[in-house]
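**Q** One structure follows; several queries about it will come next.
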Amino acid sequence: MDTEIIIVKRPDGETERLQTVRLPDWECLEFFRPQPAEDPLPGLLRIYRQFIVPAFPWIFRQMVLVRMPERRQGPADGGLSDPEARLLAAAETLRKGLLLVRGEPRFRTEEARLLWKELEREGFLGTACGKLPFTQIIPVSENMGFLSESEDTARLKVNASFFIMDPFDCASPYDSVGTPFGLCVKNGEILSPPLYGREALLVRGSGRVSVEKPSLRDLVIGIGGKTFREGKNAEILTRPACRRTVRGKEAEAVVIGRKVIAVSSCGGLPVPAAGFVLRSPELAGISEGTEVRYHGQEDVIFGIQAGSSLLRDGVRSGGFLSPFYNVRGLRRTAFPPSLYPLNYEKDRAARIALGADKEGCPVLLWAEGAPKVGARKGVTSCGASLSETEEYCMTAGMVNAVNLDGGGSAQILLHGKRYLELSDRKEDGSEQERPVPLGLTVR
């Protein structure tokens, strides 16, 4: 793998550092889950308290971040063996029995009080409070880890697609911070289904690389030995069009990734941010925890969906071609699936782009972000707008490219070495790696 560090002097006097990495082929690029961090909660609380809430305090609630690690027993277990199920159950207990008033807990049920005391004692919850006087319980998945601490022998590691991160993304009782979403395909196997009609980079066995908008509704969904397809024997309900399904006579299943999370024999289910609800009379008998399979991308050797696209057949996107929502538009939308900067041309951040050159070979680009502490004009990197990222991708020789998860998650490690700096910082200005649930690697 060849890598290059480039320093760009912008017309406005700012400086931007870039790293490009050229990979030998698409077959070597794989998805992986980082080794779970010992405790992702302190880092997430720092991000919420230091960056997210202070930026727009008037749109955030009184928030409780809670995690539920492996343990033998406790008031929130409810007999559940799956850690994620126990996490969601604990969050629901707090939702029903807890109010935060100026950051202080007020309990409506004894169950919530006991759970709060236990989790507080063990360091498994924390608060981050905005100006709104409403309480929000935010589950934090254990399936998050640091790229630098995983896959020690890997030749390359880079963060991948979007995951639930903002409080707004926790749109249903089934959503937890750290849940990845968006299409991921490897050798014809769909590891995660497409959502929200966003562009994806698809590499087919023929060698053709393209930027397309794959749809969940075009796939065949397999659950419990049965197959389902929109318009045939099933209906698919997703956000932002639908927040909650109507009650009726047909069975429904909440699906996130490749698992059934909840079922109902008569509808009325909340629609998750990181998944969808499947409605069909043939779902009768399907239980929670059942594995889900997807079919319809068997000719794709690699595919990833995040957003937005940057280049398509050598032409710059020039703006958002997929639905994204900003914080000022929340009242006009049912759900903001991952907030984006308001201005495509001007708003800068750390960026990761993945694309193909004219020969169809993979190329990675990291545009270093401005440090959140200690930024100096013309000295430290300023970050890149999405428009500027298009420009950098074209200069790097890409003809098709999509923007992956960026901001504090953005990083590339080659043989364990980071050539650029992370944008997230501690109070003393030192780098702070952000935990992520999914990465790309070359082993």
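The chains in the structure tokens are called A, B, ... from first to last as shown; in each chain the residues are counted from 1, and the ligands are counted from 1 in the order shown.
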Within 8 Å of Arg258 (chain A), counting only C-alpha atoms, which residues qualify if same-chain residues fewer than 4 places away don't, as a list of chain:residue names?

**A**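 Final neighbour list, sorted by chain and number: A:Leu191, A:Ser192, A:Glu291, A:Val292, A:Arg293.
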
**Q** Please dump the current selection as an mmCIF file, in the first residue's frame; keep C-alpha atoms.

**A**
data_model
loop_
_atom_site.group_PDB
_atom_site.id
_atom_site.type_symbol
_atom_site.label_atom_id
_atom_site.label_comp_id
_atom_site.auth_asym_id
_atom_site.auth_seq_id
_atom_site.Cartn_x
_atom_site.Cartn_y
_atom_site.Cartn_z
ATOM 1 C CA LEU A 191 -23.737 -7.571 6.619
ATOM 2 C CA SER A 192 -26.006 -4.566 7.144
ATOM 3 C CA GLU A 291 -31.360 -13.988 12.768
ATOM 4 C CA VAL A 292 -32.136 -11.962 9.644
ATOM 5 C CA ARG A 293 -30.540 -12.482 6.223
#

**Q** Sort by chain and increasing residue number a table of all residues of region 271-326 of chain A within 7 Å of region 165-173 of chain A, each with its closest pair of atoms and their distance in Å to one decimal, counting only C-alpha atoms, and write it as JSON lines.

**A**
{"residue": "A:Val271", "atom": "CA", "partner": "A:Ser172", "partner_atom": "CA", "distance": 6.5}
{"residue": "A:Pro272", "atom": "CA", "partner": "A:Ser172", "partner_atom": "CA", "distance": 5.2}
{"residue": "A:Ala273", "atom": "CA", "partner": "A:Ala171", "partner_atom": "CA", "distance": 5.7}

**Q** Check region 273-430 of chain A with DSSP on the backbone and list each residue it calls helix (DSSP H, G or I), as a PyMOL selection string.

**A** chain A and resi 281-283+327-332+386-395+407-409

**Q** Output N, CA and C atoms of each residue in that selection to a file, as a CSV table (one decimal), in the first residue's frame.

**A**
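The result, written out as result_19.csv:
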chain,number,residue,atom,x,y,z
A,281,PRO,N,-48.4,-11.0,7.6
A,281,PRO,CA,-49.1,-12.0,8.3
A,281,PRO,C,-48.2,-13.3,8.4
A,282,GLU,N,-47.2,-13.4,7.6
A,282,GLU,CA,-46.3,-14.6,7.7
A,282,GLU,C,-45.3,-14.5,8.8
A,283,LEU,N,-45.3,-13.4,9.5
A,283,LEU,CA,-44.3,-13.3,10.6
A,283,LEU,C,-44.8,-14.0,11.9
A,327,VAL,N,-29.7,20.7,12.5
A,327,VAL,CA,-30.4,20.9,13.8
A,327,VAL,C,-31.4,22.0,13.7
A,328,ARG,N,-31.3,22.9,12.8
A,328,ARG,CA,-32.3,24.0,12.7
A,328,ARG,C,-33.6,23.5,12.0
A,329,GLY,N,-33.6,22.3,11.4
A,329,GLY,CA,-34.7,21.8,10.7
A,329,GLY,C,-35.4,20.7,11.5
A,330,LEU,N,-35.1,20.4,12.7
A,330,LEU,CA,-35.6,19.3,13.4
A,330,LEU,C,-37.1,19.3,13.6
A,331,ARG,N,-37.7,20.5,13.7
A,331,ARG,CA,-39.1,20.6,13.9
A,331,ARG,C,-39.9,20.3,12.6
A,332,ARG,N,-39.2,20.3,11.5
A,332,ARG,CA,-39.9,20.1,10.3
A,332,ARG,C,-39.7,18.6,9.8
A,386,LEU,N,-17.4,19.5,2.5
A,386,LEU,CA,-17.7,18.4,1.6
A,386,LEU,C,-17.3,18.8,0.1
A,387,SER,N,-17.5,20.0,-0.2
A,387,SER,CA,-17.1,20.5,-1.5
A,387,SER,C,-15.6,20.4,-1.7
A,388,GLU,N,-14.8,20.8,-0.7
A,388,GLU,CA,-13.4,20.7,-0.7
A,388,GLU,C,-12.9,19.3,-0.8
A,389,THR,N,-13.6,18.4,-0.1
A,389,THR,CA,-13.3,17.0,-0.1
A,389,THR,C,-13.5,16.4,-1.5
A,390,GLU,N,-14.5,16.9,-2.2
A,390,GLU,CA,-14.6,16.5,-3.7
A,390,GLU,C,-13.4,16.9,-4.4
A,391,GLU,N,-12.9,18.1,-4.2
A,391,GLU,CA,-11.7,18.6,-4.9
A,391,GLU,C,-10.5,17.8,-4.6
A,392,TYR,N,-10.3,17.4,-3.3
A,392,TYR,CA,-9.2,16.6,-2.9
A,392,TYR,C,-9.2,15.2,-3.5
A,393,CYS,N,-10.4,14.7,-3.6
A,393,CYS,CA,-10.6,13.3,-4.2
A,393,CYS,C,-10.3,13.3,-5.7
A,394,MET,N,-10.7,14.4,-6.4
A,394,MET,CA,-10.3,14.5,-7.8
A,394,MET,C,-8.8,14.6,-8.0
A,395,THR,N,-8.2,15.4,-7.2
A,395,THR,CA,-6.8,15.6,-7.3
A,395,THR,C,-6.0,14.3,-7.0
A,407,GLY,N,-15.4,13.6,11.2
A,407,GLY,CA,-15.4,14.2,12.5
A,407,GLY,C,-14.4,13.6,13.4
A,408,GLY,N,-14.8,13.4,14.7
A,408,GLY,CA,-13.9,12.8,15.7
A,408,GLY,C,-13.6,11.4,15.4
A,409,SER,N,-14.4,10.7,14.6
A,409,SER,CA,-14.1,9.3,14.3
A,409,SER,C,-13.0,9.1,13.2

**Q** Taking the DSSP secondary structure from the backbone, can you list the residues of region 341-381 of chain A that are strand (DSSP E), as a PyMOL selection string?

**A** chain A and resi 351-357+362-367

**Q** Between A:Gly319, A:Pro133, A:Pro34, A:Pro105, single out the one closest to Glu120 (chain A), counting only C-alpha atoms.

**A**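 Using only C-alpha atoms, the shortest distance to Glu120 (chain A) belongs to A:Pro105.
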
**Q** A:Ser309, A:Lys249, A:Pro40, A:Gln297: which is nearest Ala284 (chain A), counting only C-alpha atoms?

**A** A:Lys249

**Q** Considering only C-alpha atoms, state which residue in the set A:Ala349, A:Met68, A:Cys129, A:Ala91 is at the smallest distance from Asn143 (chain A).

**A**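 The answer is A:Met68, which sits nearest to Asn143 (chain A).
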